[in-house]
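Here's the structure we're looking at; comments come further down.
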Amino acid sequence: MSAIQLTDIVKSYAHGPQVLHGVSMDIRDGEFAVIVGPSGCGKSTLLRLIAGLEQVSGGDITIGGQRANDMAPQDRDIAMIFQNYALYPHMTVRQNIAFGLELRRVPRAVRTARAEEVAAMLRLTPYLDRKPGALSGGQRQRVAMGRAMARDTTTFLMDEPLSNLDNALRTEMRTEIKELHGKLKATIVYVTHDQTEALSLADRVAVMKDGHLQQFDTPEAIYDRPANRFVAGFLGQPAMNFALARDLPGLRAPGDSIAGLRPEALSLHGTAPGGPALRARVTLSEMTGSGVILHCDTDAGRMTAVTPRHALPPDPGALWLGFDPARVHLFDAATGTRRPAPAAQPHTANLSA
Amino acid sequence: MSAIQLTDIVKSYAHGPQVLHGVSMDIRDGEFAVIVGPSGCGKSTLLRLIAGLEQVSGGDITIGGQRANDMAPQDRDIAMIFQNYALYPHMTVRQNIAFGLELRRVPRAVRTARAEEVAAMLRLTPYLDRKPGALSGGQRQRVAMGRAMARDTTTFLMDEPLSNLDNALRTEMRTEIKELHGKLKATIVYVTHDQTEALSLADRVAVMKDGHLQQFDTPEAIYDRPANRFVAGFLGQPAMNFALARDLPGLRAPGDSIAGLRPEALSLHGTAPGGPALRARVTLSEMTGSGVILHCDTDAGRMTAVTPRHALPPDPGALWLGFDPARVHLFDAATGTRRPAPAAQPHTANLSA
Amino acid sequence: QTDTTTVEFWHSFGGSSGAALDRIIENFEAAHPDIDIEAEHVGNYNDIVARLQAAIPANRAPDAVIMEVTRYGLFADRGVLLDLTDKVAADPLSDDLFDFAREVGVFEGKNYIVPFNSSTPVLYYNADILDRAGFDEEPPLETYDDLLTVAQQVQEELGDEGIRGISAPGQFARWGLIMANDSDLIDSTTGEILIDAPNTVEAYEWMADLVHEHDVASPDNVTDEDTGKEDFLAGRSAIMMNSTGNYGESKEALGDALKVRPMPCNKVCATPIGGAGIGIIASAEARVQDAAYDFISFAASPESNAIWFSETGYMPINRHTADQQLAKDALADKPGIDVAINQLDVARGRPRPPVVTWMRATEYDMWQAMALGQREVEETLQDFAEQTRREEQRQN
Amino acid sequence: MTRDRMLTLGALAAGLLFLSPVLYSIWMSFQTANAYYTGTLDFTLRNYAVSIGDYGFARYLMNSIIVSGLVTIAGLAMATMAAFAFARWTFRGGNLLFAAVVATLMIPSHITLIPNYLTLARVGLLDTYAGLILPAISNGFAAFFLRQYIRGIPRALDEAAYMDGATPLQVLWRVIVPVARPAILSMGLFIFISEWNNYIWPLVAVSDQDLYTLQIGLARLYKLNPGEGSIDWPLVMAASTLTILPVLLGFLLVERHLVRGITMGAVK
Amino acid sequence: MSAGPARARRTGAARQQVLRRATPYLLVLPLLAFIATFTYLPIAMSVNLSFREWDFLSPDKPFVGFENYRLLLTSHQFWNSLQVTAVFALVSVPLRLVLALAIASYLVRETLPARVLRGALFLPAVTSTVAIGVVFSWVFATDQGLVNGLFQLLGLPKVTWMQDPQLALWVLILVNTWKQLGYDIIIYIAGLQAVPGELYDAASVDGGRRFHVFRRVTVPLVMPTTYFLLVISVIDAFQVFTIVDVMTRGGPAGATDMLVNMLYRVGFTLFDIGTGSALAVLLFILLITLAVVKARVIGRKVHYDS
Ligand SMILES: Nc1ncnc2c1ncn2[C@@H]1O[C@H](COP(=O)(O)OP(=O)(O)OP(=O)(O)O)[C@@H](O)[C@H]1O
Ligand SMILES: Nc1ncnc2c1ncn2[C@@H]1O[C@H](COP(=O)(O)OP(=O)(O)OP(=O)(O)O)[C@@H](O)[C@H]1O
Ligand SMILES: [Mg+2]
Ligand SMILES: [Mg+2]
């Protein structure tokens, strides 16, 4: 049992402002929970509190059903992977992987065997006698994983474990971690500020901002029904377009609503389409391989749209961005919280824009 | 005139192996040329040779029509933006921007005015009196740009200027650089190993590998008609799938050909479609927001496919990946060079797979 | 004036001694307006020797210099010092100098320095301490045994208060105690090395036992000789044998409790003459040498010598010094200041061949080893004598 | 809170104990000589008045500041220039030259004492400020240390400056020196302190009292009395306290930079 | 060579090229000129003098071959000094390093008490050695000394700290350590601060036995600092002079006669420049050898790139 329960966690650092303002989360046994949020929102702090590297200022941490507030890190039976891997530079890969066991007084023979077993699982066997300095970024990352896995635990904390890798490697390692989670059936709490990682890895994603938990739900729910404007804007690449609801044609919404339109929900038309649409002038188009990102000026402000390259209208200088009012997200202008989906207005409104 | 001509550039470092093996490129005045390639392929070296920070071992560099091999960096009238920005940590933003002018003995009043003008252009005015340590990553990046822009030159070299920014910021800055290029009409040589950057920014992309230039062409040409298997695999996200041509149904190609299929060229079907297709078992699906990346096992090996989330077949465990033989890339198995596009075989072949 | 002759003069006197010297120089310059004495306090005798040695190859030697009486031999031998024999002979002053004072400046038959500050060791004791230790009247302080008896009684009575019976003798006093045992380190006339002579051995045995065997002297005094005096001045030691030049300071510290007695006479009465004289550098210009000699002569005059004697306690070197009013006053006001003078009959100069410098430097180590009980006295001295003979040979 | 306060008190106590010898010497400097010898208590400021007035410590202080200051400045300048070259260029003979610089660390100053004295005498520089300063300027340790530090500064900074049009000297002065400031400051402090406490060389090289530095003044005071005299310890301690003060002030001023300055250099 | 305009055009660039090549040499020139004049020239002179007999005074300096070296190498004093110096180094270097590391690992925190203590610990390092020697001579005096005073209060017998040949060396080692410790600690603090905190976090999550982590993580990771301090403190140990000169002058009976003290005595008290120079040369050779051996044996093992 390695479920983690956070109840009203409050944290202030000595001589610092309050960093966490009552965060509650129920992480289920075997779940892959990802915490995302902008820099400085308290993600690492939360993780370090779970690990026991920091003490909570208020609230309760329960790990596997046991209150853990006052347990020392080593008693929490948790493995952690750090952003810079925190590999011991003077130890070989083998020693790095076995060090956790050494600290727990596991006999040498046993820990060596375990290190080799883990290394084999991570395809690190050829590098067992190298030091971290002689490994590539991806290999180092795997050693860090190996060190955590060597410990016989089912709870892993990972603080931006991929942020130091380049794009290609990151994609690859992401896949590996995901597969590993499947194999190990471990509870994983994973911190990142990369939304692609968050969405692709998580069973559930926790979005944080300024020490407050915004939403904790499945990636689909987060993406399709963001709890507020912040969550909506934070996840999605390119980011969601926002406009005043009243500037959008064909939308029936309270006057002080903000409308959110995901770029992929905008359809491109050379001429005014049948449904609600905005007239747009393309200021910049970026090729991304198969697709194109179009940056446009519209009557409702700047908008980004994406489209497959082959679907690009012949004259991309001026075009219409069509949208389906049912796919528009609505948020309270003042509080930012989500409002129920809008209903379409009578079609004529479109022409009045 | 600030065209840059590289002719048979050869470079070996003292006590090192040869790094560049005869690279020739003609970069046109006002062009945005992006050099991509895996780590260690010699991108930075090439840029540093143009800048004059290193001496060529062979070949000629011509800048603005003048042979530049023996010119000191300061005589080449080139501005450079470094990967970590290389901002002077002890100078304010204003001083950083004006330093190049100061060294060129521009009077104080003039250079201050120029610094402020540049800062305004980059929305840095509020930060003019801060030191780099007190700026965010994106702001630092802009200061680095500003420093280059303050110099009255029309040739800019940039070595992975965005690699230290997080994803969101990178996207934003990418847009800004692209817009700036439009405004300044400058010749820009831009190094990156990020293919998204390469494709979206470049007028022409140079792909390098192991000190050899692989292809130097427009993004569309590079993406649609990669010169060889390396280029094909390097650009595209997720990467192109490769398989033995003979393992693909419905393809008429020489026996030793490698076939390349871009993930977005694969269509997903719950049941065997009409055209050529591969039966696939999904091993992992990653949510990316609006879309999903599917990792599949097929008879032709592992394949990656992408699809909008809403287009996902109801039972994603087993499905068919359909493809259009006309969109298959063919490469020589031995040399990797591109072969003419294949022709489709009679339709029956499909069923034999 | 362009004719002024400047004499650069290095000396070793600071504090009240320095002030006395300054007065003498002032008087001299008043009497010789064409001569300017540029005096510099260089440091102690060792510093002067070191500075001079370094200065000579650099051609930066002064014109006149104070040199300790056992250590000028090296410089005389190497031709650094001017042979003053003729000048002294032609100077009426020479008749007024005490014999010891003339003799001290002679090396291998030639006169190289004229004494300025001369001293012998004397025996100081603290009457208060002896009183408290139960000596109603002054005990005899003639022989080694006398001294040991007193020291032991003091230590027995007052040891608990941290008071020692005696300060371990410094090198000057050791030399004196050896002479008092009818021996020497190097024979002053023949130059024979007497370090391992039986009487020398006996003397060292007695001295070492003060520390090592009887524990009446502090081991601190052995490793740092200055502490011997500090202890005595601070009333932590009953007896000190040390140069008469310490009179002024001791008087100030102990007042009437200070008593001064001649050095003990264990087998014979004999005591070394210490102090220093002024020499002239051979490479100086003749005109400067003459001027320098004028100053030397003036400094040895009764008037100057009286100033010096009364201020410092150093012995008079001029027979007529005692006639000066200043000296008379001093003799009257300062009981004990005359002890050294009275002891002069048995005082003698010490040898000054070049090897002495080496021997004196090495003696400290040997003394420490013996006094701290690390080496047998006899064996040590034989080894020491051996080495000294070898060194003497090497130097010639 | 109380635990904190107790720790602070404990640290203070430990510090005081550790410093007791220094504190004792300061305490001693306020005693009269007589009181010191006789173990009584009698306080006075006379020792300071005497050492400053009669013994010229004001002048010595100025000399020490001039000499140590110039040695520090010139030493830092040369060491920084060389360190820059060793850190940034690979040039023929460079390794050998660097080894020659580092090897000076192994050379006890006493070896060079006599020959340097003879050399300076030959060119007539004894008894001048130059004679005091010149032999002390070259500092292999500083060059070694700063080179290590400069190697930790991203080379891109130099290159950016070259691209901006700087000459090597401009790069050094306008970029490297400001960036390496913590290291240069702490090295400066080290040089200043060691020159301030240097006493064998000034003792040998200077006979003109007007050129005495504090340490010779101190040593002279210590050996002031002729062969048979005794040492006025309280006076010596007053003088010694005077010699400590300026360095202590300097230390407190740059303490903040000290650790930061050492960090990169020492550890790489 | 080619003549004409082509060449003329090249000369400008060529001159620049030459200037660029010369830059590093010009930059090291001042330092090296001074080092050559005031360090290496003296060594050459010392080597020359070591083959001669001279007392500073005689105008001539007769060549005596290896006589000075022979005398030295056959003298009891030289071997005694070498042994004393070696013992001093062997004891004081590890003592300094161990104490400094232990203290530094407590003072590495940026708390007020830590900073106060750091300042206190550094003070002796900036205090004049002469003054320190004087005060400690008193502290360890047999009769009036502070330590023996305390011993007496505790009913312990007096100890002859400075007179006992074994103890005297230990006292010097102690005083020297006391003086130098501040430097070592500051440098260790710098080294410790460079160890990424994450490594400790990782160890503490993994099982955090404090001493074990210190031994297996901290100690190896500050190895570069240790090496640096090792080099410095060994050099220091072989050059220690002033404190010995002030406190014991090499005594009692040669028990603390370090090589440099012997050098000073032979050269400046006994004015045997030839032998003094020979000793200087031997000392120099010894230090260089030590440095090379150290670099060979451990220098290689201490650098990790991560
Ligand atoms: N040891 C500390 N003492 C004081 N304040 C701290 C400490 N560690 C972090 N903080 C502050 O707490 C806040 C949250 O920090 P935290 O490291 O948890 O953010 P994060 O979400 O992990 O950010 P990032 O994505 O940049 O890693 C920040 O404002 C930070 O400055
Ligand atoms: N100063 C140098 N001395 C010796 N070899 C060097 C030097 N600089 C680079 N190299 C080598 O030259 C090759 C090319 O390096 P370069 O920095 O140009 O690669 P890159 O394409 O910029 O890689 P990256 O994407 O990692 O920046 C590498 O193998 C590198 O190790
Ligand atoms: Mg974080
Ligand atoms: Mg690069």
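Going by the structure tokens order, chains are called A, B, ..., each with residues numbered from 1, while ligands are numbered from 1 in the order shown.
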Env of A:Ala72: 9 Å cut, atoms = only C-alpha atoms, seq-sep filter 4 positions within chain, self excluded. Answer as number ranges by chain.
A: 51-53, 68, 76; E: 204-205
Filtering to C-alpha atoms, could you give me those residues as a short mmCIF file (atom, residue, chain, number, x, y, z; two decimals), in the first residue's frame?
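Saved result, part33.cif, follows:
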```cif
data_model
loop_
_atom_site.label_atom_id
_atom_site.label_comp_id
_atom_site.auth_asym_id
_atom_site.auth_seq_id
_atom_site.Cartn_x
_atom_site.Cartn_y
_atom_site.Cartn_z
CA ALA A 51 9.92 12.97 0.74
CA GLY A 52 10.48 14.39 4.20
CA LEU A 53 13.28 16.68 3.08
CA ALA A 68 4.25 10.62 8.07
CA ARG A 76 9.25 6.85 4.61
CA SER E 204 18.90 11.22 3.12
CA VAL E 205 15.97 9.79 1.17
#
```
List all protein, DNA and RNA residues that have any atom at most 10 Å from ligand 1, counting only C-alpha atoms and all ligand atoms, and write the list as a ChimeraX atom specification.
/A:11-20,35-49,54,83,159-160,191-194,208-211 /B:166
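The smallest atom-to-atom distance between C:Gln368 and any of E:Val292, E:Ala255, E:Leu90, E:Val98, using only C-alpha atoms, is found for E:Ala255.
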Strand (DSSP E or B) per DSSP on the backbone: members of stretch 77-220 of chain B, as a list in words
Ala79, Met80, Ile81, Thr155, Phe156, Leu157, Met158, Asp159, Thr187, Ile188, Val189, Tyr190, Val191, Arg204, Val205, Ala206, Val207, Met208, Lys209, His212, Leu213, Gln214, Gln215, Phe216 and Asp217 of chain B
Using only C-alpha atoms, which chain B residues lie at most 12 Å away from chain E, written as a VMD selection string?
chain B and resid 55 67 to 73 75
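Fit chain A to chain B on the Cα trace, atom for atom in sequence order, and the RMSD comes out at 0.3 Å.
Between atom CA of E:Leu31 and atom CA of E:Ala278 there is a distance of 27.2 Å.
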For chain D against chain B, with a cut-off of 12 Å and counting only C-alpha atoms, what is the closest atom pair and its distance in Å to one decimal for every residue that makes the cut, ordered by chain and number, as a Markdown table?
```
| residue | atom | partner | partner_atom | distance |
| --- | --- | --- | --- | --- |
| D:Thr90 | CA | B:Ala14 | CA | 9.6 |
| D:Phe91 | CA | B:Ala14 | CA | 11.0 |
| D:Arg92 | CA | B:Ala14 | CA | 12.0 |
| D:Ile153 | CA | B:Ala86 | CA | 10.2 |
| D:Pro154 | CA | B:Ala86 | CA | 7.6 |
| D:Arg155 | CA | B:Ala86 | CA | 8.5 |
| D:Ala156 | CA | B:Ala86 | CA | 5.5 |
| D:Leu157 | CA | B:Ala86 | CA | 4.8 |
| D:Asp158 | CA | B:Ala86 | CA | 8.4 |
| D:Glu159 | CA | B:Leu53 | CA | 7.1 |
| D:Ala160 | CA | B:Ala86 | CA | 6.5 |
| D:Ala161 | CA | B:Gly100 | CA | 7.5 |
| D:Tyr162 | CA | B:Gln74 | CA | 6.0 |
| D:Met163 | CA | B:Gln74 | CA | 5.3 |
| D:Asp164 | CA | B:Gly100 | CA | 4.3 |
| D:Gly165 | CA | B:Gln74 | CA | 4.3 |
| D:Ala166 | CA | B:Leu103 | CA | 6.0 |
| D:Thr167 | CA | B:Gln74 | CA | 8.4 |
| D:Pro168 | CA | B:Gln74 | CA | 11.1 |
| D:Leu169 | CA | B:Leu103 | CA | 11.7 |
| D:Gln170 | CA | B:Leu103 | CA | 8.4 |
| D:Val171 | CA | B:Leu103 | CA | 10.2 |
| D:Arg174 | CA | B:Tyr88 | CA | 9.3 |
| D:Val175 | CA | B:Tyr88 | CA | 6.9 |
| D:Ile176 | CA | B:Tyr88 | CA | 9.4 |
| D:Val177 | CA | B:His90 | CA | 10.0 |
| D:Pro178 | CA | B:His90 | CA | 6.4 |
| D:Val179 | CA | B:His90 | CA | 6.4 |
| D:Ala180 | CA | B:His90 | CA | 9.9 |
| D:Arg181 | CA | B:His90 | CA | 9.6 |
| D:Pro182 | CA | B:His90 | CA | 11.8 |
```
Save out the residues we just selected, C-alpha atoms, as a PDB file, in the first residue's frame.
```pdb
ATOM      1  CA  THR D  90      47.001  27.240 -25.430  1.00  0.00           C
ATOM      2  CA  PHE D  91      50.345  28.443 -26.642  1.00  0.00           C
ATOM      3  CA  ARG D  92      53.699  26.913 -27.290  1.00  0.00           C
ATOM      4  CA  ILE D 153      34.119  31.741 -16.231  1.00  0.00           C
ATOM      5  CA  PRO D 154      32.288  30.840 -19.417  1.00  0.00           C
ATOM      6  CA  ARG D 155      34.504  31.450 -22.393  1.00  0.00           C
ATOM      7  CA  ALA D 156      31.474  32.732 -24.221  1.00  0.00           C
ATOM      8  CA  LEU D 157      31.768  35.960 -22.238  1.00  0.00           C
ATOM      9  CA  ASP D 158      35.165  36.618 -23.760  1.00  0.00           C
ATOM     10  CA  GLU D 159      33.945  35.666 -27.158  1.00  0.00           C
ATOM     11  CA  ALA D 160      30.930  37.907 -26.898  1.00  0.00           C
ATOM     12  CA  ALA D 161      33.264  40.755 -26.099  1.00  0.00           C
ATOM     13  CA  TYR D 162      35.556  39.925 -28.996  1.00  0.00           C
ATOM     14  CA  MET D 163      32.540  39.932 -31.270  1.00  0.00           C
ATOM     15  CA  ASP D 164      31.591  43.268 -29.796  1.00  0.00           C
ATOM     16  CA  GLY D 165      34.972  44.528 -30.910  1.00  0.00           C
ATOM     17  CA  ALA D 166      37.127  44.210 -27.816  1.00  0.00           C
ATOM     18  CA  THR D 167      40.865  43.646 -27.772  1.00  0.00           C
ATOM     19  CA  PRO D 168      42.301  41.028 -25.413  1.00  0.00           C
ATOM     20  CA  LEU D 169      43.225  43.699 -22.903  1.00  0.00           C
ATOM     21  CA  GLN D 170      39.737  45.127 -23.052  1.00  0.00           C
ATOM     22  CA  VAL D 171      38.287  41.688 -22.530  1.00  0.00           C
ATOM     23  CA  ARG D 174      36.154  45.073 -18.925  1.00  0.00           C
ATOM     24  CA  VAL D 175      34.883  41.526 -18.646  1.00  0.00           C
ATOM     25  CA  ILE D 176      37.167  39.098 -16.821  1.00  0.00           C
ATOM     26  CA  VAL D 177      38.242  41.376 -14.021  1.00  0.00           C
ATOM     27  CA  PRO D 178      34.740  42.497 -13.036  1.00  0.00           C
ATOM     28  CA  VAL D 179      33.392  38.984 -13.253  1.00  0.00           C
ATOM     29  CA  ALA D 180      36.269  37.532 -11.264  1.00  0.00           C
ATOM     30  CA  ARG D 181      35.985  40.284  -8.711  1.00  0.00           C
ATOM     31  CA  PRO D 182      35.228  38.072  -5.708  1.00  0.00           C
TER      32      PRO D 182
END
```
Can you tell me which residues surround stretch 292-300 of chain A at a distance of at most 9 Å, considering only C-alpha atoms, apart from same-chain residues fewer than 4 positions away, and format the answer as a count of residues only?
32
Taking 6 positions as the minimum chain separation for residues in the same chain, which residues sit within 6 Å of B:Ser257 when counting only C-alpha atoms? Answer as a PyMOL selection string.
chain B and resi 245+331-333
Would you list the contacts of stretch 124-137 of chain D as a PyMOL selection string, taking every protein, DNA or RNA residue within 6 Å and counting only C-alpha atoms, but skipping same-chain residues closer than 5 positions in sequence?
(chain D and resi 71+75+205-206) or (chain E and resi 38)
Take the residues from that selection and put them in a file with N, CA and C atoms, as a PDB file, in the first residue's frame.
```pdb
ATOM      1  N   VAL D  71      52.187  46.407  -3.543  1.00  0.00           N
ATOM      2  CA  VAL D  71      52.457  44.997  -3.857  1.00  0.00           C
ATOM      3  C   VAL D  71      51.162  44.301  -4.259  1.00  0.00           C
ATOM      4  N   GLY D  75      50.851  43.142  -7.859  1.00  0.00           N
ATOM      5  CA  GLY D  75      50.844  41.685  -7.868  1.00  0.00           C
ATOM      6  C   GLY D  75      49.573  41.151  -8.497  1.00  0.00           C
ATOM      7  N   ALA D 205      66.208  44.438   3.686  1.00  0.00           N
ATOM      8  CA  ALA D 205      66.316  45.350   2.550  1.00  0.00           C
ATOM      9  C   ALA D 205      66.328  46.816   2.932  1.00  0.00           C
ATOM     10  N   VAL D 206      65.980  47.110   4.166  1.00  0.00           N
ATOM     11  CA  VAL D 206      65.816  48.510   4.520  1.00  0.00           C
ATOM     12  C   VAL D 206      66.591  48.837   5.777  1.00  0.00           C
TER      13      VAL D 206
ATOM     14  N   PHE E  38      63.407  37.511  -9.595  1.00  0.00           N
ATOM     15  CA  PHE E  38      63.419  37.455  -8.136  1.00  0.00           C
ATOM     16  C   PHE E  38      63.219  36.060  -7.559  1.00  0.00           C
TER      17      PHE E  38
END
```
Which residues of chain C sit at most 9 Å from chain E, using only C-alpha atoms? Give each one's shortest atom pair and distance in Å (one decimal place), in chain and ascending residue order, as JSON lines.
```
{"residue": "C:Asn46", "atom": "CA", "partner": "E:Thr269", "partner_atom": "CA", "distance": 7.7}
{"residue": "C:Val49", "atom": "CA", "partner": "E:Thr269", "partner_atom": "CA", "distance": 8.4}
{"residue": "C:Ala50", "atom": "CA", "partner": "E:Phe268", "partner_atom": "CA", "distance": 6.2}
{"residue": "C:Gln53", "atom": "CA", "partner": "E:Phe56", "partner_atom": "CA", "distance": 5.8}
{"residue": "C:Ala54", "atom": "CA", "partner": "E:Phe56", "partner_atom": "CA", "distance": 6.7}
{"residue": "C:Ala55", "atom": "CA", "partner": "E:Phe56", "partner_atom": "CA", "distance": 8.8}
{"residue": "C:Ile56", "atom": "CA", "partner": "E:Leu57", "partner_atom": "CA", "distance": 6.4}
{"residue": "C:Pro57", "atom": "CA", "partner": "E:Phe56", "partner_atom": "CA", "distance": 6.2}
{"residue": "C:Leu74", "atom": "CA", "partner": "E:Leu57", "partner_atom": "CA", "distance": 8.9}
{"residue": "C:Phe75", "atom": "CA", "partner": "E:Leu57", "partner_atom": "CA", "distance": 7.5}
{"residue": "C:Arg78", "atom": "CA", "partner": "E:Ser58", "partner_atom": "CA", "distance": 6.0}
{"residue": "C:Gly79", "atom": "CA", "partner": "E:Ser58", "partner_atom": "CA", "distance": 8.2}
{"residue": "C:Val80", "atom": "CA", "partner": "E:Leu57", "partner_atom": "CA", "distance": 7.3}
{"residue": "C:Gly162", "atom": "CA", "partner": "E:Asp143", "partner_atom": "CA", "distance": 7.2}
{"residue": "C:Ser218", "atom": "CA", "partner": "E:Asp143", "partner_atom": "CA", "distance": 6.8}
{"residue": "C:Pro219", "atom": "CA", "partner": "E:Gln163", "partner_atom": "CA", "distance": 6.5}
{"residue": "C:Asp220", "atom": "CA", "partner": "E:Thr142", "partner_atom": "CA", "distance": 6.0}
{"residue": "C:Val222", "atom": "CA", "partner": "E:Gln163", "partner_atom": "CA", "distance": 8.0}
{"residue": "C:Thr223", "atom": "CA", "partner": "E:Pro252", "partner_atom": "CA", "distance": 6.3}
{"residue": "C:Asp224", "atom": "CA", "partner": "E:Thr248", "partner_atom": "CA", "distance": 7.6}
{"residue": "C:Thr357", "atom": "CA", "partner": "E:Leu270", "partner_atom": "CA", "distance": 7.0}
{"residue": "C:Trp358", "atom": "CA", "partner": "E:Leu270", "partner_atom": "CA", "distance": 5.8}
{"residue": "C:Ala361", "atom": "CA", "partner": "E:Thr269", "partner_atom": "CA", "distance": 7.4}
{"residue": "C:Tyr364", "atom": "CA", "partner": "E:Ala253", "partner_atom": "CA", "distance": 7.9}
{"residue": "C:Asp365", "atom": "CA", "partner": "E:Ala253", "partner_atom": "CA", "distance": 4.5}
{"residue": "C:Met366", "atom": "CA", "partner": "E:Ala253", "partner_atom": "CA", "distance": 6.4}
{"residue": "C:Trp367", "atom": "CA", "partner": "E:Ala253", "partner_atom": "CA", "distance": 7.9}
{"residue": "C:Gln368", "atom": "CA", "partner": "E:Ala253", "partner_atom": "CA", "distance": 5.4}
{"residue": "C:Ala369", "atom": "CA", "partner": "E:Ala253", "partner_atom": "CA", "distance": 5.0}
{"residue": "C:Met370", "atom": "CA", "partner": "E:Ala253", "partner_atom": "CA", "distance": 8.7}
{"residue": "C:Leu372", "atom": "CA", "partner": "E:Gln163", "partner_atom": "CA", "distance": 6.8}
{"residue": "C:Gln374", "atom": "CA", "partner": "E:Ala253", "partner_atom": "CA", "distance": 8.2}
```
